[in-house]
>>> print(open('upload-v3.cif').read())   # mmCIF, C-alpha atoms and all ligand atoms
data_run
loop_
_atom_site.label_atom_id
_atom_site.label_comp_id
_atom_site.auth_asym_id
_atom_site.auth_seq_id
_atom_site.Cartn_x
_atom_site.Cartn_y
_atom_site.Cartn_z
CA MET A 1 91.55 115.19 118.37
CA ASP A 2 92.79 118.54 117.11
CA HIS A 3 94.86 117.79 114.00
CA THR A 4 95.61 121.41 113.18
CA ASN A 5 98.43 121.99 115.63
CA HIS A 6 99.60 118.50 116.41
CA LEU A 7 102.71 118.84 118.49
CA MET A 8 101.88 115.30 119.55
CA PRO A 9 103.01 112.59 117.15
CA LEU A 10 100.09 110.92 115.37
CA ARG A 11 99.61 107.36 114.12
CA ILE A 12 99.10 107.73 110.40
CA LEU A 13 98.17 105.10 107.80
CA VAL A 14 99.33 105.62 104.22
CA THR A 15 97.90 103.37 101.49
CA GLY A 16 100.02 103.15 98.36
CA ALA A 17 103.01 103.71 100.64
CA ALA A 18 105.54 102.13 98.25
CA GLY A 19 104.45 104.24 95.29
CA PHE A 20 106.08 107.35 93.89
CA LEU A 21 104.08 109.84 95.93
CA GLY A 22 103.23 107.51 98.84
CA SER A 23 106.87 106.78 99.64
CA HIS A 24 107.76 110.47 99.70
CA LEU A 25 104.78 111.09 101.99
CA VAL A 26 105.98 108.34 104.35
CA ASP A 27 109.41 110.03 104.49
CA LEU A 28 107.87 113.39 105.30
CA LEU A 29 105.56 112.05 108.02
CA LEU A 30 108.43 110.16 109.67
CA GLU A 31 110.59 113.30 109.51
CA LYS A 32 107.82 115.15 111.32
CA GLY A 33 107.98 112.60 114.12
CA HIS A 34 104.80 110.65 113.39
CA GLU A 35 104.33 106.90 113.54
CA VAL A 36 103.49 105.55 110.08
CA ILE A 37 101.85 102.36 108.90
CA GLY A 38 102.31 101.82 105.17
CA ILE A 39 100.02 99.58 103.14
CA ASP A 40 100.89 98.48 99.60
CA SER A 41 100.09 95.58 97.29
CA PHE A 42 103.36 96.17 95.37
CA GLU A 43 101.58 95.89 92.04
CA THR A 44 102.86 99.26 90.88
CA GLY A 45 104.71 100.42 94.01
CA SER A 46 108.19 99.11 94.80
CA PRO A 47 109.76 98.19 98.18
CA LYS A 48 112.90 99.88 96.79
CA ASN A 49 111.19 103.24 97.35
CA LEU A 50 111.15 102.56 101.12
CA GLN A 51 114.39 100.61 101.50
CA HIS A 52 116.30 103.60 102.89
CA ILE A 53 114.02 103.69 105.96
CA GLY A 54 115.45 100.40 107.24
CA ASP A 55 114.08 99.13 110.55
CA ALA A 56 112.77 102.44 111.85
CA GLN A 57 110.78 101.87 115.02
CA ARG A 58 108.06 104.25 113.93
CA PHE A 59 107.41 102.59 110.56
CA ARG A 60 105.65 99.37 109.66
CA LEU A 61 104.99 98.22 106.09
CA ILE A 62 102.21 95.77 105.33
CA ASN A 63 101.70 93.90 102.05
CA HIS A 64 97.96 94.21 101.53
CA ASN A 65 95.60 95.04 98.68
CA ILE A 66 92.94 97.52 99.79
CA GLN A 67 90.38 95.66 97.66
CA THR A 68 90.22 93.35 100.71
CA PRO A 69 88.99 94.75 104.06
CA LEU A 70 91.75 95.79 106.45
CA GLU A 71 90.02 94.82 109.68
CA GLY A 72 92.09 91.64 110.09
CA LEU A 73 95.40 93.52 110.06
CA GLN A 74 95.42 94.50 113.75
CA LEU A 75 96.36 98.07 113.02
CA GLY A 76 95.54 99.46 116.45
CA HIS A 77 94.66 103.10 116.96
CA ILE A 78 94.85 105.39 113.87
CA ASP A 79 94.51 109.20 113.78
CA GLN A 80 94.78 109.91 110.06
CA ILE A 81 94.61 107.96 106.80
CA PHE A 82 96.05 109.11 103.47
CA ASN A 83 94.45 106.98 100.75
CA LEU A 84 96.90 106.95 97.83
CA ALA A 85 96.59 103.33 96.71
CA CYS A 86 95.71 103.09 93.01
CA PRO A 87 97.68 102.63 89.81
CA ALA A 88 98.01 106.16 88.37
CA SER A 89 99.81 105.79 85.06
CA PRO A 90 97.47 105.21 82.10
CA ILE A 91 99.46 102.15 80.96
CA HIS A 92 99.15 100.64 84.44
CA TYR A 93 95.51 101.41 85.17
CA GLN A 94 94.42 100.23 81.73
CA LYS A 95 96.22 96.87 82.07
CA ASP A 96 93.48 95.46 84.34
CA PRO A 97 90.58 97.92 84.21
CA VAL A 98 88.33 95.79 86.43
CA SER A 99 90.97 95.71 89.13
CA THR A 100 91.43 99.50 88.82
CA LEU A 101 87.70 99.98 89.33
CA LYS A 102 87.74 97.60 92.32
CA THR A 103 90.60 99.54 93.90
CA CYS A 104 88.68 102.78 93.44
CA PHE A 105 85.33 101.46 94.61
CA ARG A 106 85.89 98.53 97.00
CA GLY A 107 89.28 99.84 98.06
CA THR A 108 87.97 103.27 98.96
CA GLU A 109 84.95 101.69 100.66
CA ASN A 110 87.26 99.50 102.76
CA ILE A 111 89.37 102.51 103.72
CA LEU A 112 86.29 104.55 104.60
CA GLU A 113 85.01 101.67 106.76
CA LEU A 114 88.37 101.56 108.51
CA ALA A 115 88.32 105.33 109.04
CA LYS A 116 84.80 105.09 110.47
CA ASN A 117 85.69 102.20 112.79
CA LYS A 118 88.92 103.83 113.97
CA ASN A 119 87.43 107.31 114.21
CA ALA A 120 90.26 108.48 111.94
CA ARG A 121 90.30 111.40 109.53
CA ILE A 122 90.70 110.33 105.91
CA LEU A 123 92.26 112.22 103.03
CA HIS A 124 91.40 110.58 99.73
CA THR A 125 93.61 111.39 96.75
CA SER A 126 91.45 112.05 93.74
CA THR A 127 92.75 113.36 90.44
CA SER A 128 92.49 115.97 87.73
CA GLU A 129 91.12 113.09 85.63
CA VAL A 130 87.70 113.61 87.24
CA TYR A 131 87.45 116.59 84.84
CA GLY A 132 88.04 114.27 81.86
CA ASP A 133 88.69 116.15 78.61
CA PRO A 134 87.68 119.50 80.08
CA LYS A 135 85.46 122.03 78.35
CA VAL A 136 86.20 124.64 81.05
CA HIS A 137 89.74 125.97 81.27
CA PRO A 138 91.41 126.21 83.73
CA GLN A 139 89.44 123.72 85.86
CA PRO A 140 87.88 124.94 89.13
CA GLU A 141 86.53 122.39 91.62
CA SER A 142 82.99 123.50 90.75
CA TYR A 143 83.37 122.10 87.21
CA TRP A 144 81.65 118.70 86.87
CA GLY A 145 83.87 117.52 84.05
CA ASN A 146 83.58 115.87 80.67
CA VAL A 147 84.30 112.18 81.17
CA ASN A 148 83.69 109.30 78.76
CA PRO A 149 81.94 106.63 80.87
CA PHE A 150 82.61 103.90 78.28
CA GLY A 151 86.19 103.95 77.06
CA ALA A 152 89.85 103.19 77.71
CA ARG A 153 90.23 105.68 80.56
CA SER A 154 86.82 105.11 82.17
CA CYS A 155 88.13 102.60 84.71
CA TYR A 156 90.30 105.31 86.25
CA ASP A 157 88.27 108.46 85.58
CA GLU A 158 84.94 106.98 86.63
CA GLY A 159 86.63 104.97 89.37
CA LYS A 160 88.04 108.14 90.87
CA ARG A 161 84.68 109.88 90.47
CA VAL A 162 82.84 107.08 92.27
CA ALA A 163 85.50 107.15 95.01
CA GLU A 164 84.76 110.84 95.57
CA ALA A 165 81.04 110.06 95.60
CA LEU A 166 81.67 107.34 98.19
CA CYS A 167 83.57 109.77 100.42
CA TYR A 168 80.68 112.21 100.12
CA ALA A 169 78.08 109.51 100.83
CA TYR A 170 79.95 108.22 103.89
CA HIS A 171 80.20 111.75 105.24
CA GLU A 172 76.44 112.19 104.68
CA ASN A 173 75.64 108.92 106.45
CA TYR A 174 78.21 109.38 109.20
CA PRO A 175 78.70 113.13 109.76
CA ASP A 176 81.39 112.47 112.38
CA LEU A 177 83.57 110.84 109.73
CA GLU A 178 86.03 113.54 108.66
CA ILE A 179 86.84 113.46 104.96
CA ARG A 180 89.30 115.44 102.84
CA ILE A 181 89.48 115.22 99.02
CA ALA A 182 92.58 116.29 97.07
CA ARG A 183 92.33 116.45 93.28
CA ILE A 184 95.97 116.01 92.33
CA PHE A 185 97.19 117.29 88.95
CA ASN A 186 100.17 115.80 87.06
CA THR A 187 102.91 115.35 89.64
CA TYR A 188 106.51 114.34 88.97
CA GLY A 189 109.85 113.85 90.65
CA PRO A 190 112.39 111.28 91.80
CA ARG A 191 111.08 107.70 92.28
CA MET A 192 108.75 107.86 89.29
CA ALA A 193 110.48 105.12 87.32
CA HIS A 194 111.33 105.33 83.63
CA SER A 195 108.99 102.35 83.10
CA ASP A 196 106.08 104.20 84.76
CA GLY A 197 104.81 105.37 81.39
CA ARG A 198 103.80 108.88 82.40
CA VAL A 199 105.21 111.65 80.31
CA VAL A 200 107.85 113.21 82.59
CA SER A 201 109.71 110.00 83.43
CA SER A 202 109.27 108.65 79.87
CA PHE A 203 110.74 111.76 78.24
CA ILE A 204 113.65 112.01 80.70
CA GLY A 205 114.42 108.27 80.66
CA ASP A 206 114.33 108.02 76.87
CA ALA A 207 116.44 111.15 76.42
CA LEU A 208 119.07 109.90 78.87
CA ASP A 209 119.17 106.50 77.14
CA GLY A 210 119.84 108.20 73.79
CA GLU A 211 116.38 107.26 72.49
CA ASN A 212 114.04 109.67 70.76
CA ILE A 213 111.46 111.38 72.96
CA LYS A 214 108.06 109.99 71.95
CA ILE A 215 105.15 112.40 71.85
CA THR A 216 101.83 110.56 71.61
CA GLY A 217 99.71 112.93 69.52
CA ASP A 218 100.68 116.07 67.63
CA GLY A 219 102.25 117.78 70.66
CA THR A 220 99.48 120.34 71.15
CA ALA A 221 97.92 118.63 74.22
CA THR A 222 98.72 120.58 77.38
CA ARG A 223 99.49 119.56 80.96
CA SER A 224 100.47 121.46 84.10
CA PHE A 225 103.25 119.80 86.06
CA GLN A 226 103.76 119.98 89.79
CA TYR A 227 106.88 118.94 91.68
CA PHE A 228 106.14 116.33 94.36
CA THR A 229 107.28 118.49 97.30
CA ASP A 230 104.63 121.09 96.46
CA CYS A 231 102.01 118.37 96.21
CA LEU A 232 102.94 116.89 99.60
CA ASP A 233 102.78 120.31 101.23
CA GLY A 234 99.29 120.77 99.77
CA LEU A 235 98.16 117.32 100.98
CA GLN A 236 99.42 117.98 104.51
CA ARG A 237 97.74 121.36 104.69
CA LEU A 238 94.48 119.91 103.43
CA MET A 239 94.59 117.00 105.87
CA ASN A 240 95.14 119.39 108.77
CA SER A 241 92.46 121.85 107.67
CA ASN A 242 88.76 121.74 108.45
CA TYR A 243 87.69 121.72 104.80
CA THR A 244 85.53 118.85 103.49
CA GLN A 245 85.02 119.86 99.82
CA PRO A 246 87.42 118.78 97.03
CA VAL A 247 90.55 120.91 96.56
CA ASN A 248 92.73 121.07 93.44
CA ILE A 249 96.40 120.48 94.22
CA GLY A 250 98.41 121.32 91.13
CA ASN A 251 100.73 123.81 89.48
CA PRO A 252 98.96 126.15 87.03
CA GLY A 253 102.04 126.50 84.78
CA GLU A 254 100.73 125.00 81.51
CA PHE A 255 102.87 123.56 78.71
CA SER A 256 102.09 121.86 75.41
CA MET A 257 103.73 118.44 75.10
CA ARG A 258 105.87 119.83 72.27
CA GLU A 259 107.13 122.68 74.51
CA PHE A 260 107.67 120.24 77.34
CA ALA A 261 109.62 117.80 75.12
CA GLU A 262 111.85 120.66 73.97
CA ILE A 263 112.57 121.69 77.56
CA VAL A 264 113.50 118.10 78.54
CA ALA A 265 115.59 117.67 75.38
CA GLU A 266 117.49 120.89 76.10
CA MET A 267 118.05 120.09 79.79
CA VAL A 268 119.26 116.55 79.08
CA SER A 269 121.59 117.82 76.32
CA GLU A 270 123.09 120.22 78.89
CA LYS A 271 124.21 117.10 80.78
CA GLY A 272 126.58 116.37 77.91
CA LYS A 273 124.25 113.93 76.12
CA PRO A 274 123.92 113.94 72.32
CA LYS A 275 121.16 116.06 70.79
CA VAL A 276 117.77 114.54 71.66
CA LEU A 277 115.28 114.03 68.83
CA ILE A 278 111.48 113.97 68.99
CA THR A 279 109.23 111.33 67.38
CA TYR A 280 105.44 111.56 67.04
CA LEU A 281 103.24 108.49 67.71
CA PRO A 282 99.43 108.06 67.55
CA ARG A 283 97.41 109.78 70.27
CA PRO A 284 95.92 107.46 72.95
CA SER A 285 92.10 107.38 72.93
CA ASP A 286 90.34 109.91 75.16
CA ASP A 287 93.64 111.64 75.99
CA PRO A 288 92.56 115.03 77.41
CA ASN A 289 93.41 117.99 75.15
CA THR A 290 94.15 120.44 77.93
CA ARG A 291 94.60 120.47 81.68
CA LYS A 292 95.37 123.30 84.09
CA PRO A 293 94.20 123.67 87.69
CA ASP A 294 92.40 126.71 89.03
CA ILE A 295 93.99 126.82 92.49
CA SER A 296 92.06 129.77 93.94
CA ARG A 297 90.42 127.48 96.50
CA ALA A 298 93.72 126.00 97.73
CA LYS A 299 95.19 129.50 98.00
CA GLU A 300 92.23 130.79 99.98
CA ILE A 301 91.49 127.82 102.23
CA LEU A 302 94.97 126.36 102.72
CA GLY A 303 97.22 129.37 102.05
CA TRP A 304 98.93 127.03 99.59
CA GLU A 305 100.43 127.45 96.16
CA PRO A 306 103.29 125.64 94.44
CA THR A 307 106.75 127.13 94.81
CA VAL A 308 109.02 124.91 92.66
CA PRO A 309 109.46 126.16 89.07
CA LEU A 310 109.38 123.48 86.34
CA ARG A 311 113.06 123.69 85.41
CA GLU A 312 114.14 123.42 89.05
CA GLY A 313 112.02 120.31 89.64
CA LEU A 314 113.12 118.81 86.34
CA LYS A 315 116.79 119.37 87.20
CA LYS A 316 116.42 117.30 90.39
CA THR A 317 114.38 114.66 88.58
CA ILE A 318 116.94 114.34 85.77
CA GLU A 319 119.70 113.99 88.38
CA TRP A 320 117.76 111.18 90.07
CA HIS A 321 117.34 109.35 86.74
CA ILE A 322 121.09 109.73 86.11
CA GLU A 323 121.79 108.22 89.58
CA GLN A 324 119.54 105.24 88.73
CA ARG A 325 121.72 104.50 85.71
CA LYS A 326 124.99 104.27 87.71
O1 LIG A 401 100.11 112.49 86.67
C1 LIG A 401 98.90 112.78 86.73
O2 LIG A 401 98.48 113.65 87.47
C2 LIG A 401 97.90 112.06 85.93
O3 LIG A 401 98.58 111.34 84.93
C3 LIG A 401 97.82 110.59 84.10
O4 LIG A 401 97.19 111.41 83.16
P1 LIG A 401 97.94 112.06 81.93
O5 LIG A 401 97.90 113.52 82.11
O6 LIG A 401 97.37 111.55 80.66
O7 LIG A 401 99.48 111.65 82.10
P2 LIG A 401 100.61 111.20 81.11
O8 LIG A 401 100.49 109.76 80.75
O9 LIG A 401 101.85 111.64 81.76
O10 LIG A 401 100.35 112.00 79.74
C4 LIG A 401 100.45 113.41 79.64
C5 LIG A 401 100.46 113.78 78.16
O11 LIG A 401 101.70 113.33 77.59
C6 LIG A 401 101.46 112.46 76.51
N1 LIG A 401 102.54 111.42 76.56
C7 LIG A 401 102.59 110.50 77.53
C8 LIG A 401 103.61 109.58 77.59
C9 LIG A 401 104.60 109.60 76.61
O12 LIG A 401 105.55 108.80 76.60
N2 LIG A 401 104.52 110.54 75.61
C10 LIG A 401 103.52 111.46 75.58
O13 LIG A 401 103.49 112.33 74.68
C11 LIG A 401 100.06 111.92 76.70
O14 LIG A 401 99.48 111.52 75.48
C12 LIG A 401 99.38 113.11 77.34
O15 LIG A 401 98.94 114.00 76.33
C13 LIG A 401 96.85 109.71 84.84
O16 LIG A 401 95.73 109.39 84.15
C14 LIG A 401 96.42 110.22 86.15
O17 LIG A 401 96.48 109.20 87.05
C15 LIG A 401 97.21 111.16 86.87
O18 LIG A 401 96.39 111.86 87.77
#
>>> encode(input="upload-v3.cif", output="structure tokens")
Amino acid sequence: MDHTNHLMPLRILVTGAAGFLGSHLVDLLLEKGHEVIGIDSFETGSPKNLQHIGDAQRFRLINHNIQTPLEGLQLGHIDQIFNLACPASPIHYQKDPVSTLKTCFRGTENILELAKNKNARILHTSTSEVYGDPKVHPQPESYWGNVNPFGARSCYDEGKRVAEALCYAYHENYPDLEIRIARIFNTYGPRMAHSDGRVVSSFIGDALDGENIKITGDGTATRSFQYFTDCLDGLQRLMNSNYTQPVNIGNPGEFSMREFAEIVAEMVSEKGKPKVLITYLPRPSDDPNTRKPDISRAKEILGWEPTVPLREGLKKTIEWHIEQRK
């Protein structure tokens, strides 16, 4: 099937459908007229993220952990699979590291088997964490990374690396199996809960609650933040391209955590909240020092680059967090 110009609605499976990014992807695919099957184990995703869809005819949500094969689910014909299922926040993926590794390895294997059996194209969501604590800056896809194989983050970093290797190996063994690999860099937006633990929702949630913003480390670590709508546009373009190598999907705007905390503090104060203070806590082990995507490949192959400036995305995200508190 030609996926590039699909005027025809497709049947699309999204794993991790109740998560922050997965639920937004489901919304977008339904808006485009596709039929969507969502899979989620609800360990980190929440049914609340999909509640607004109601009983839409074109959407079905299944409670299933991808660590178990999906063949018994009677899914019928599938054209495309977006594999997003995996805890992504360090506090979540480190809670049960064996389970995180199983999701990355067995889960991805199960999804690849399904894709093979259904003759479906699969887009696997990998991560900037495959570059570890990078020694090349910014990070192009050709960089092999600097990952600690034996530490607190290994379950996720190595898990995501083995998942990429599995996609590659399946494509080698079964050349007709169409794979796409997106390396997603720090993404934020509405539906990433205050309790998620990642920096954007933690800073905003704490600031709105009148708590100090907590920087873990000395504030010099850098990250590059992408608004979710840009990320989804990149994922869609990649899925519908013919490109089988990994592609970075991220926003190259780089900020130190101190700069970022000051921006959040200022923007939350503008909402009439008292002045927000910053506290420094110990740095988590193996926390990468820097991170910034080289997006030349995405620009060239997909004609994609992010369009939402940080302050614009943050404004919408802060408004969503305010709504949650009503
Ligand atoms: O969102 C992402 O793309 C990535 O986020 C995380 O990686 P990380 O960059 O460490 O994400 P955060 O936990 O948001 O941390 C970013 C920086 O902020 C710091 N941080 C985090 C949380 C906090 O409350 N305060 C704080 O200063 C961290 O130490 C780190 O230096 C995950 O490991 C990846 O799943 C995911 O791909």
>>> closest_residue(input="upload-v3.cif", among="A:Gly132, A:Gly234, A:Gly145, A:Gly210", to="ligand LIG 401 (chain A)", atoms="all atoms listed in the file")
A:Gly132
>>> atom_distance(input="upload-v3.cif", atom1="CA of Ile295 in chain A", atom2="CA of Asn251 in chain A")
8.0 Å
>>> residues_near_ligand(input="upload-v3.cif", ligand="ligand LIG 401 (chain A)", cutoff="8 Å", atoms="all atoms listed in the file", output="ChimeraX atom specification")
/A:87-91,126-129,153,156-157,184-188,197-200,202-203,213-217,219,221-223,225,257,280-281,283-284,287-289,291
>>> atom_distance(input="upload-v3.cif", atom1="CA of Trp304 in chain A", atom2="CA of Leu123 in chain A")
16.6 Å
>>> residues_around(input="upload-v3.cif", residues="range 314-324 of chain A", least_positions_apart="5", cutoff="12 Å", atoms="only C-alpha atoms", output="PyMOL selection string")
chain A and resi 48+187-195+200-209+225-229+260-261+263-273+308-309
>>> atom_distance(input="upload-v3.cif", atom1="CA of Arg121 in chain A", atom2="CA of Asp176 in chain A")
9.4 Å
>>> closest_residue(input="upload-v3.cif", among="A:Lys32, A:His52, A:Lys116, A:Arg180", to="Ala18 in chain A", atoms="all atoms listed in the file")
A:His52
>>> closest_residue(input="upload-v3.cif", among="A:Leu232, A:Leu70, A:Lys102, A:Asn148", to="Pro306 in chain A", atoms="only C-alpha atoms")
A:Leu232
